[in-house]
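Q: Here you go, one structure.
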Amino acid sequence: MRLDILTLFPDLFPPFLEESILGRAIKKGLVDIKLVNIRDFAEGPHKVTDDRPFGGGEGMVMKAEPICWAVESVGREKNKPFSILLTPQGRKFDQPTAWDLSQKGHLILICGRYEGVDERVRTGCVDMELSIGDYVLSGGELAAMVVVDAVSRLVPGVLGGERSNLEDSFQDGLLEYPHYTRPRVFRGQEVPEILLSGDHEKIRVWRRTESLRRTLQRRPDLLNEARLSEEDRRILEKLKEEAGKIEAGS
Ligand code: ADE
């Protein structure tokens with residue numbers, strides 16, 4: 001998979017790209033990430049990338065030409081990459097979107113800055129606008145890192161164990177079950193006995209139950225869209241009954 005990140009601040013990225021899972025994926029050649037400085041596509045001796053807004057008002061607007069030229073320098077017509085503008089006005093980024101993007105082969109991530117980006121970038125050289133949440137960052141760079149991380153880990157071979165990303169929170173629309181490692185007792189809190197039992201079927205059912213319990217307690221909205229088996233539905237019924245009893249007793 002190839003990702004081109006278009007930014008005015010390419011120096012923000014290298015430490016993030018060199019570490020851990022992503023660093024290994026890049027070294028192995030599974031993910032190829034290029035940093036493109038938008039300023040290299042600006043004209044004039046001062047390489048200006050922003051200007052005052054038409055119509056007046058505070059703040060500066062990123063100019064359309066350098067961004068669109070940078071996008072076009074990355075790829076045209078044949079094997080055209082899929083270009084994404086990171087902006088709080090975009091569609092909210094989530095795991096299904098990460099899956100879709102991981103299938104695309106080549107993405108361009110455009111990081112906006114300042115008060116905004118000339119509207120003709122959106123209309124002329126962007127396939128999708130993405131937001132990582134309902135808050136305003138100073139620029140799209142952190143959002144691009146979020147997208148790069150979430151998408152790269154879905155590329156085959158990037159995660160060591162093939163199952164790892166299938167069990168991640170959200171992969172099947174549920175939150176993850178709790179994890180434990182040594183020691184068996186930490187500050188008086190014990191690891192659930194069942195995880196030490198060696199009984200794989202019991203452990204599987206316990207984990208599924210805890211995953212459903214967490215989702216029910218913390219993000220019940222996710223249950224409407226989650227892929228639930230007959231067994232899941234039975235477990236959920238029980239969890240709801242339990243919750244009802246606890247509420248009635250309190
Ligand atoms: N740029 C600024 N804020 C952002 C956000 N919430 N998501 C994506 N890009 C952004």
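To be explicit about the labels: the chains of the structure tokens are called A, B, and onward in the order shown, and within each one the residues are counted from 1, while ligands get numbers from 1 in the order they are shown.
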What lies within 12 Å of Thr181 in chain A using only C-alpha atoms, ignoring chain neighbours under 2 positions off, as a VMD selection string?

A: chain A and resid 178 to 179 183 to 186 190 to 192 195 to 196

Q: Give me the residues near range 127-139 of chain A as a ChimeraX atom specification, where near means some atom within 8 Å (using only C-alpha atoms) and where sequence neighbours in that chain fewer than 5 positions away do not count.

A: /A:82-93,111-114,122,146

Q: Using DSSP secondary structure from the backbone, list all alpha helix (DSSP H) positions within range 6-216 of chain A, as a ChimeraX atom specification.

A: /A:14-18,20-27,64-74,95-102,119-125,141-152,164-167,200-216

Q: Using only C-alpha atoms, which residue out of A:Leu216, A:Val48, A:Met145, A:Ala226 lies closest to Pro15 in chain A?

A: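 Closest to Pro15 in chain A of all the choices is A:Met145.
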
Q: Could you pull out all residues of range 48-192 of chain A with a DSSP call of strand (DSSP E) and give them as a PyMOL selection string?

A: chain A and resi 50-51+61-62+82-92+106-111+116-117+128-131+185-186+189-190

Q: Restricting the calculation to only C-alpha atoms, which member of A:Asp94, A:Glu231, A:Glu115, A:Glu141 is positioned closest to Pro53 in chain A?

A: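 Closest to Pro53 in chain A of all the choices is A:Glu115.
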
Q: Can you work out the spacing between CA of Val158 in chain A and CA of Ser20 in chain A in Å, to one decimal?

A: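 Separation between CA of Val158 in chain A and CA of Ser20 in chain A: 10.8 Å.
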
Q: Quick one: residues within 10 Å of Asp149 in chain A, only C-alpha atoms, excluding same-chain residues fewer than 6 positions away - as an NGL selection string?

A: :A and (16-17 or 21-22 or 98 or 143)

Q: Just checking: using only C-alpha atoms and all ligand atoms, which residue out of A:Met62, A:Ala248, A:Leu107, A:Leu142 ends up closest to ligand 1?

A: A:Leu142

Q: Of the candidates A:Ala25, A:Leu101, A:Val36, A:Ala42, which one gets nearest to Val151 in chain A if we count only C-alpha atoms?

A: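 The answer is A:Leu101, which sits nearest to Val151 in chain A.
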
Q: For ligand 1, which residue among A:Leu35, A:Leu8, A:Val71, A:Ala144 is the nearest when counting only C-alpha atoms and all ligand atoms?

A: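 Of A:Leu35, A:Leu8, A:Val71, A:Ala144, the one nearest ligand 1, counting only C-alpha atoms and all ligand atoms, is A:Ala144.
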
Q: Identify which of the residues A:Thr7, A:Ser197, A:Ser152, A:Ser102 lies closest to ligand 1, counting only C-alpha atoms and all ligand atoms when measuring atom-to-atom distances.

A: A:Thr7

Q: For Asp4 in chain A, work out the shell of residues within 6 Å, counting only C-alpha atoms and skipping chain neighbours fewer than 6 positions away, then give it as number ranges by chain.

A: A: 33-35, 108

Q: Taking 4 positions as the minimum chain separation for residues in the same chain, which residues sit within 10 Å of Ser211 in chain A when counting only C-alpha atoms? Answer as an mmCIF file with C-alpha atoms, in the first residue's frame.

A:
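Heads up, here's the output in out.cif:
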```
data_model
loop_
_atom_site.group_PDB
_atom_site.id
_atom_site.type_symbol
_atom_site.label_atom_id
_atom_site.label_comp_id
_atom_site.auth_asym_id
_atom_site.auth_seq_id
_atom_site.Cartn_x
_atom_site.Cartn_y
_atom_site.Cartn_z
ATOM 1 C CA SER A 169 -12.131 -3.385 19.088
ATOM 2 C CA LEU A 174 -17.822 -4.537 19.367
ATOM 3 C CA LEU A 175 -15.433 -3.240 22.010
ATOM 4 C CA GLU A 176 -12.633 -5.567 23.044
ATOM 5 C CA TYR A 177 -12.681 -7.859 26.085
ATOM 6 C CA PRO A 178 -10.292 -7.080 29.008
ATOM 7 C CA VAL A 205 -17.147 -17.686 25.692
ATOM 8 C CA TRP A 206 -15.863 -15.548 28.605
ATOM 9 C CA ARG A 207 -14.091 -13.166 26.231
ATOM 10 C CA THR A 215 -20.176 -2.682 24.500
ATOM 11 C CA LEU A 216 -23.558 -2.771 26.241
ATOM 12 C CA ASP A 232 -24.140 -13.360 20.942
#
```

Q: Would you work out the distance separating CA of Leu222 in chain A from CA of Trp99 in chain A, expressed in Å to one decimal?

A: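 CA of Trp99 in chain A lies 17.0 Å from CA of Leu222 in chain A.
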